[in-house]
>>> print(open('run19.txt').read())   # compact mmCIF, C-alpha atoms and all ligand atoms
# COMPACT_ATOMS: atom_id res chain seq x y z
CA MET B 170 91.67 77.23 231.41
CA VAL B 171 93.21 73.97 232.50
CA GLU B 172 96.10 73.96 234.95
CA ASN B 173 97.93 71.02 233.47
CA ASN B 174 99.03 71.80 229.90
CA GLY B 175 99.36 68.12 229.13
CA ALA B 176 95.62 67.71 229.63
CA ILE B 177 94.64 70.23 226.96
CA ARG B 178 92.33 68.61 224.44
CA THR B 179 91.93 70.12 220.98
CA LEU B 180 88.81 69.55 218.90
CA SER B 181 89.98 69.32 215.30
CA VAL B 182 87.40 69.98 212.57
CA ASP B 183 87.70 69.32 208.84
CA ILE B 184 85.01 71.05 206.78
CA GLY B 185 84.75 69.41 203.37
CA GLY B 186 82.52 69.80 200.35
CA SER B 187 80.84 66.45 201.08
CA GLY B 188 81.54 65.73 204.76
CA VAL B 189 82.29 67.49 208.05
CA LYS B 190 84.65 65.53 210.31
CA VAL B 191 85.84 65.99 213.90
CA ILE B 192 88.22 64.32 216.34
CA VAL B 193 89.81 65.28 219.67
CA LEU B 194 93.63 65.42 219.86
CA ASP B 195 95.92 65.40 222.87
CA ILE B 196 98.71 67.95 223.29
CA THR B 197 101.03 65.87 221.06
CA GLY B 198 98.41 65.58 218.30
CA LYS B 199 97.45 61.98 219.08
CA PRO B 200 93.73 61.18 218.60
CA LEU B 201 91.80 60.66 221.84
CA THR B 202 88.39 59.95 220.32
CA GLN B 203 86.84 58.11 217.39
CA ARG B 204 86.52 60.39 214.38
CA ALA B 205 82.90 61.50 213.83
CA ARG B 206 81.51 62.53 210.45
CA THR B 207 78.32 63.94 209.02
CA GLU B 208 77.29 64.93 205.52
CA THR B 209 77.94 68.59 204.71
CA PRO B 210 74.50 70.28 204.91
CA GLN B 211 73.06 71.53 201.64
CA PRO B 212 72.97 74.42 200.98
CA ALA B 213 76.29 74.64 202.83
CA LYS B 214 75.67 78.04 204.39
CA PRO B 215 77.65 79.17 207.46
CA GLU B 216 74.86 78.67 210.03
CA ALA B 217 74.02 75.16 208.79
CA VAL B 218 77.67 74.07 208.76
CA ILE B 219 78.24 75.55 212.23
CA ASP B 220 75.17 73.64 213.49
CA ALA B 221 76.69 70.44 212.04
CA ILE B 222 80.01 71.13 213.82
CA VAL B 223 78.26 71.84 217.13
CA GLY B 224 76.29 68.57 216.78
CA LEU B 225 79.45 66.57 216.09
CA ALA B 226 81.36 68.32 218.89
CA ALA B 227 78.73 67.10 221.37
CA THR B 228 79.78 63.49 220.60
CA GLN B 229 83.46 64.11 221.47
CA GLY B 230 83.49 64.70 225.21
CA GLU B 231 85.55 67.49 226.77
CA PHE B 232 87.80 69.82 224.74
CA HIS B 233 89.42 73.20 225.46
CA ARG B 234 90.10 74.73 222.06
CA VAL B 235 89.15 74.21 218.44
CA SER B 236 91.10 73.99 215.14
CA VAL B 237 89.26 74.18 211.84
CA GLY B 238 90.39 73.30 208.32
CA PHE B 239 88.22 75.21 205.84
CA PRO B 240 87.96 74.56 202.06
CA GLY B 241 88.83 78.08 200.91
CA VAL B 242 91.11 81.04 201.54
CA VAL B 243 91.19 82.01 205.24
CA ARG B 244 92.73 85.15 206.71
CA GLY B 245 92.60 85.96 210.42
CA GLY B 246 89.72 83.55 211.01
CA VAL B 247 87.65 85.09 208.21
CA THR B 248 86.76 82.93 205.20
CA GLU B 249 87.35 84.73 201.91
CA THR B 250 86.40 82.10 199.32
CA ALA B 251 84.32 78.89 199.39
CA VAL B 252 83.90 77.63 195.83
CA ASN B 253 82.48 74.26 196.93
CA LEU B 254 80.30 75.48 199.81
CA ASN B 255 78.25 78.66 199.42
CA PRO B 256 78.87 82.35 198.57
CA ASP B 257 77.62 83.33 202.06
CA TRP B 258 81.06 82.37 203.37
CA ILE B 259 82.76 85.26 201.60
CA GLY B 260 83.85 87.62 204.38
CA PHE B 261 82.39 85.44 207.17
CA ASP B 262 84.16 85.53 210.56
CA LEU B 263 84.11 81.78 211.19
CA ALA B 264 86.55 81.88 214.12
CA THR B 265 84.39 84.35 216.07
CA ALA B 266 81.03 82.74 215.16
CA LEU B 267 82.14 79.22 216.10
CA SER B 268 83.89 80.43 219.23
CA LYS B 269 80.61 82.01 220.39
CA ARG B 270 78.71 78.75 219.80
CA LEU B 271 81.27 76.44 221.44
CA ASN B 272 82.53 78.85 224.10
CA LYS B 273 86.11 77.96 223.28
CA PRO B 274 88.95 79.67 221.40
CA VAL B 275 88.88 78.78 217.69
CA ARG B 276 91.60 78.98 215.03
CA VAL B 277 90.88 78.43 211.35
CA ILE B 278 93.13 77.74 208.35
CA ASN B 279 92.74 76.36 204.87
CA ASP B 280 91.97 72.60 204.83
CA ALA B 281 94.93 71.65 202.62
CA ASP B 282 97.23 73.76 204.81
CA MET B 283 95.94 71.88 207.85
CA GLN B 284 96.41 68.50 206.17
CA GLY B 285 99.95 69.53 205.23
CA LEU B 286 100.74 70.47 208.83
CA GLY B 287 99.74 66.92 209.77
CA SER B 288 101.95 65.32 207.14
CA ILE B 289 105.19 67.15 206.33
CA SER B 290 108.69 66.33 207.52
CA GLY B 291 109.68 69.99 208.02
CA LYS B 292 112.66 69.79 205.66
CA GLY B 293 113.06 71.41 202.25
CA VAL B 294 110.31 72.34 199.82
CA GLU B 295 107.22 70.24 200.50
CA LEU B 296 104.09 70.44 198.41
CA VAL B 297 100.76 68.91 199.41
CA ILE B 298 97.82 68.37 197.11
CA THR B 299 94.42 67.08 198.20
CA LEU B 300 92.00 65.25 195.94
CA GLY B 301 88.40 65.49 197.08
CA THR B 302 85.40 67.57 196.11
CA GLY B 303 87.93 70.30 195.32
CA PHE B 304 91.64 70.30 194.55
CA GLY B 305 93.59 71.58 197.56
CA SER B 306 97.22 72.65 197.70
CA ALA B 307 99.70 73.65 200.39
CA LEU B 308 103.33 74.68 200.24
CA PHE B 309 105.96 74.50 203.01
CA VAL B 310 109.58 75.61 203.10
CA ASP B 311 111.58 73.99 205.91
CA GLY B 312 108.29 73.47 207.74
CA LYS B 313 107.10 77.04 207.31
CA LEU B 314 103.74 77.38 205.60
CA VAL B 315 103.20 79.64 202.61
CA PRO B 316 99.48 80.13 203.37
CA ASN B 317 96.53 79.91 201.00
CA LEU B 318 98.23 78.52 197.91
CA GLU B 319 95.30 78.06 195.51
CA MET B 320 96.64 75.81 192.74
CA GLY B 321 93.18 74.31 192.32
CA HIS B 322 91.82 77.33 190.49
CA HIS B 323 94.95 77.85 188.42
CA GLU B 324 94.88 76.81 184.77
CA PHE B 325 96.19 73.30 184.19
CA ARG B 326 95.33 72.14 180.63
CA LYS B 327 92.80 72.56 177.83
CA GLY B 328 91.64 75.85 179.31
CA GLU B 329 90.58 74.09 182.53
CA THR B 330 91.86 74.42 186.08
CA TYR B 331 93.38 71.62 188.22
CA GLU B 332 90.07 71.41 190.07
CA GLU B 333 87.99 71.23 186.89
CA GLN B 334 90.23 68.47 185.54
CA LEU B 335 90.75 66.50 188.76
CA GLY B 336 87.89 67.31 191.18
CA ARG B 337 85.48 64.59 192.34
CA ALA B 338 82.71 65.57 189.91
CA THR B 339 85.13 65.10 186.99
CA LEU B 340 86.48 61.84 188.41
CA GLU B 341 82.93 60.47 188.44
CA LYS B 342 82.40 61.71 184.88
CA VAL B 343 85.63 60.61 183.17
CA GLY B 344 86.42 57.53 185.26
CA GLU B 345 89.49 56.44 187.21
CA LYS B 346 91.70 55.55 184.25
CA LYS B 347 91.53 58.94 182.58
CA TRP B 348 91.63 60.75 185.93
CA ASN B 349 94.83 58.91 186.88
CA ARG B 350 96.44 59.81 183.53
CA ARG B 351 95.56 63.45 184.16
CA LEU B 352 96.95 63.25 187.67
CA GLU B 353 100.23 61.94 186.26
CA ARG B 354 100.42 65.04 184.05
CA ALA B 355 99.49 67.32 186.91
CA ILE B 356 102.28 65.88 189.06
CA ALA B 357 104.78 66.44 186.21
CA SER B 358 103.58 70.02 185.83
CA LEU B 359 103.81 70.72 189.58
CA GLU B 360 107.26 69.16 189.74
CA HIS B 361 108.50 71.55 187.05
CA LEU B 362 106.94 74.53 188.77
CA PHE B 363 107.90 73.89 192.41
CA ASN B 364 110.92 71.56 192.17
CA TYR B 365 109.69 70.15 195.46
CA ASP B 366 111.71 67.79 197.63
CA TYR B 367 108.53 65.96 198.61
CA LEU B 368 105.01 65.84 197.28
CA TYR B 369 102.18 64.49 199.44
CA ILE B 370 98.83 63.47 197.98
CA GLY B 371 95.86 63.45 200.36
CA GLY B 372 92.10 63.97 200.33
CA GLY B 373 89.21 61.53 200.15
CA GLU B 374 89.98 60.40 196.59
CA ALA B 375 93.71 59.73 197.13
CA VAL B 376 92.74 56.06 197.63
CA ARG B 377 91.87 55.96 193.92
CA VAL B 378 95.37 56.90 192.77
CA ASN B 379 96.87 53.91 190.94
CA ILE B 380 99.78 55.38 188.98
CA GLU B 381 103.38 54.65 189.80
CA LEU B 382 104.79 57.36 192.05
CA ALA B 383 108.37 58.58 192.34
CA PRO B 384 110.08 57.83 195.68
CA ASN B 385 109.60 61.45 196.84
CA VAL B 386 105.83 61.33 196.26
CA LYS B 387 103.66 59.87 199.04
CA ILE B 388 99.98 59.14 199.47
CA ILE B 389 98.84 60.38 202.90
CA PRO B 390 95.78 59.10 204.81
CA ASN B 391 92.74 61.35 205.01
CA ILE B 392 92.93 61.45 208.82
CA THR B 393 96.00 63.75 208.49
CA GLY B 394 93.48 66.47 207.57
CA LEU B 395 92.41 66.35 211.23
CA LEU B 396 95.78 65.52 212.81
CA GLY B 397 97.23 68.77 211.47
CA GLY B 398 94.88 70.65 213.79
CA ILE B 399 97.35 70.52 216.68
CA ALA B 400 99.90 72.62 214.75
CA LEU B 401 97.61 75.67 214.87
CA TRP B 402 98.43 76.06 218.56
CA LYS B 403 102.21 75.75 218.37
CA ASP B 404 102.88 79.32 219.55
C1 LIG C 1 89.51 75.58 197.46
C2 LIG C 1 90.74 75.36 198.32
C3 LIG C 1 90.60 74.04 199.07
C4 LIG C 1 90.32 72.92 198.12
C5 LIG C 1 90.10 71.59 198.82
C6 LIG C 1 89.32 74.39 196.55
O1 LIG C 1 88.19 74.58 195.77
O2 LIG C 1 89.63 76.76 196.70
O3 LIG C 1 90.91 76.42 199.21
O4 LIG C 1 91.77 73.80 199.80
O5 LIG C 1 89.18 73.21 197.32
O6 LIG C 1 89.03 71.64 199.68
>>> encode(input="run19.txt", output="structure tokens")
Amino acid sequence: MVENNGAIRTLSVDIGGSGVKVIVLDITGKPLTQRARTETPQPAKPEAVIDAIVGLAATQGEFHRVSVGFPGVVRGGVTETAVNLNPDWIGFDLATALSKRLNKPVRVINDADMQGLGSISGKGVELVITLGTGFGSALFVDGKLVPNLEMGHHEFRKGETYEEQLGRATLEKVGEKKWNRRLERAIASLEHLFNYDYLYIGGGEAVRVNIELAPNVKIIPNITGLLGGIALWKD
């Protein structure tokens, strides 16, 4: 333990389908280090991904606790789904396993939930979607998270899910123009369903969005996926 709370440094980890990223945050959530990234190991089994995190953590200097954004459903530190990683994650106690390796307390939540925590205003109904390998989603009501919203695997159109229609593999296949048209439809559909006050669009492919967005829809930088890590320790 550290005596001075202000000196607590949090290692924030974002596990993605294509990259694993880390950064150290101060108590206010401000980055203290340069973000480090490595390719997600293939096959993306728990031990290999944990090795990658431990390797990256060694480049970040001192830290006292760890926050992880994971690309699947997470309950009590245990990962329940991992469509874009590996089936070995189903029922895996990531918080305990990583805590043993790093010798620090670890908290884990869904990656889109973590990105949302780094982006929202805390007022009204706020929806976050992330465009990357997968399609992530997070919902907040007056700043309170409704955990593990899995819009990505919900049917969107033509018998396909949001992730099948808008994930990175499809973007590469159909091209930016078609993908952007689909995204426009997805936003309209989500607006009708959630009647959100704000919609935030993040993830590695958000930079490829080129449609006109309503004033209550914002593109958020990918770094917010890591910045949200501080919110996991707000109790
Ligand atoms: C997963 C979500 C995740 C999203 C983005 C989806 O395939 O089911 O839990 O948030 O990908 O990584």
>>> atom_distance(input="run19.txt", atom1="CA of Thr302 (chain B)", atom2="CA of Glu319 (chain B)")
14.4 Å
>>> axis_aligned_box(input="run19.txt", around="ligand LIG 1 (chain C)", padding_each_side="4 Å", output="lines of an AutoDock Vina configuration file")
center_x = 90.0
center_y = 74.2
center_z = 197.8
size_x = 11.6
size_y = 13.2
size_z = 12.0
>>> atom_distance(input="run19.txt", atom1="CA of Asp311 (chain B)", atom2="CA of His361 (chain B)")
19.3 Å
>>> closest_residue(input="run19.txt", among="B:Thr299, B:Asn255, B:Gln284, B:Thr248", to="Gln211 (chain B)", atoms="only C-alpha atoms")
B:Asn255
>>> closest_atom_pairs(input="run19.txt", of="chain B", to="ligand LIG 1 (chain C)", cutoff="10 Å", atoms="only C-alpha atoms and all ligand atoms", output="tab-separated table")
residue	atom	partner	partner_atom	distance
B:Asp183	CA	C:LIG1	O6	9.5
B:Ile184	CA	C:LIG1	O6	8.2
B:Gly185	CA	C:LIG1	O6	6.1
B:Gly186	CA	C:LIG1	O6	6.8
B:Ser187	CA	C:LIG1	O6	9.8
B:Gly238	CA	C:LIG1	O4	8.6
B:Phe239	CA	C:LIG1	O4	7.1
B:Pro240	CA	C:LIG1	O6	3.9
B:Gly241	CA	C:LIG1	O3	3.2
B:Val242	CA	C:LIG1	O3	5.2
B:Val243	CA	C:LIG1	O3	8.2
B:Thr248	CA	C:LIG1	O3	9.8
B:Glu249	CA	C:LIG1	O3	9.4
B:Thr250	CA	C:LIG1	O2	6.8
B:Ala251	CA	C:LIG1	O2	6.3
B:Val252	CA	C:LIG1	O1	5.3
B:Asn253	CA	C:LIG1	O1	5.8
B:Leu254	CA	C:LIG1	O1	8.9
B:Ile278	CA	C:LIG1	O3	9.5
B:Asn279	CA	C:LIG1	O4	5.8
B:Asp280	CA	C:LIG1	O4	5.2
B:Ala281	CA	C:LIG1	O4	4.7
B:Asp282	CA	C:LIG1	O4	7.4
B:Met283	CA	C:LIG1	O4	9.3
B:Gln284	CA	C:LIG1	O4	9.5
B:Ile298	CA	C:LIG1	C5	8.5
B:Thr299	CA	C:LIG1	C5	6.3
B:Leu300	CA	C:LIG1	C5	7.2
B:Gly301	CA	C:LIG1	C5	6.6
B:Thr302	CA	C:LIG1	O6	6.5
B:Gly303	CA	C:LIG1	O5	3.7
B:Phe304	CA	C:LIG1	C4	4.6
B:Gly305	CA	C:LIG1	C4	3.6
B:Ser306	CA	C:LIG1	O4	6.0
B:Ala307	CA	C:LIG1	O4	8.0
B:Asn317	CA	C:LIG1	O3	6.9
B:Leu318	CA	C:LIG1	O3	7.7
B:Glu319	CA	C:LIG1	O2	5.9
B:Met320	CA	C:LIG1	O2	8.1
B:Gly321	CA	C:LIG1	C6	5.7
B:His322	CA	C:LIG1	O2	6.6
B:His323	CA	C:LIG1	O2	9.9
B:Tyr331	CA	C:LIG1	O1	9.6
B:Glu332	CA	C:LIG1	O1	6.8
B:Glu333	CA	C:LIG1	O1	9.5
B:Gly336	CA	C:LIG1	O1	8.6
B:Gly372	CA	C:LIG1	C5	8.0
>>> atom_distance(input="run19.txt", atom1="CA of Val235 (chain B)", atom2="CA of Ser181 (chain B)")
5.9 Å
>>> closest_residue(input="run19.txt", among="B:Lys327, B:Lys342, B:Lys387, B:Arg337", to="Ile289 (chain B)", atoms="all atoms listed in the file")
B:Lys387
>>> residues_around(input="run19.txt", residues="region 222-224 of chain B", least_positions_apart="4", cutoff="12 Å", atoms="only C-alpha atoms", output="ChimeraX atom specification")
/B:180-185,188-192,205-210,215-218,228-230,235-238,263,266-273
>>> residues_near_point(input="run19.txt", point="(99.3, 66.1, 201.7)", cutoff="7 Å", atoms="only C-alpha atoms", output="VMD selection string")
chain B and resid 284 to 285 288 297 to 299 369 to 371 389
>>> closest_residue(input="run19.txt", among="B:Ser290, B:Asn379, B:Asn385, B:Gln203", to="Tyr365 (chain B)", atoms="only C-alpha atoms")
B:Asn385
>>> closest_residue(input="run19.txt", among="B:Asp257, B:Glu329, B:Thr202, B:Leu286", to="Thr393 (chain B)", atoms="only C-alpha atoms")
B:Leu286
>>> closest_residue(input="run19.txt", among="B:Leu396, B:Leu340, B:Val315, B:Val247", to="Ile259 (chain B)", atoms="all atoms listed in the file")
B:Val247
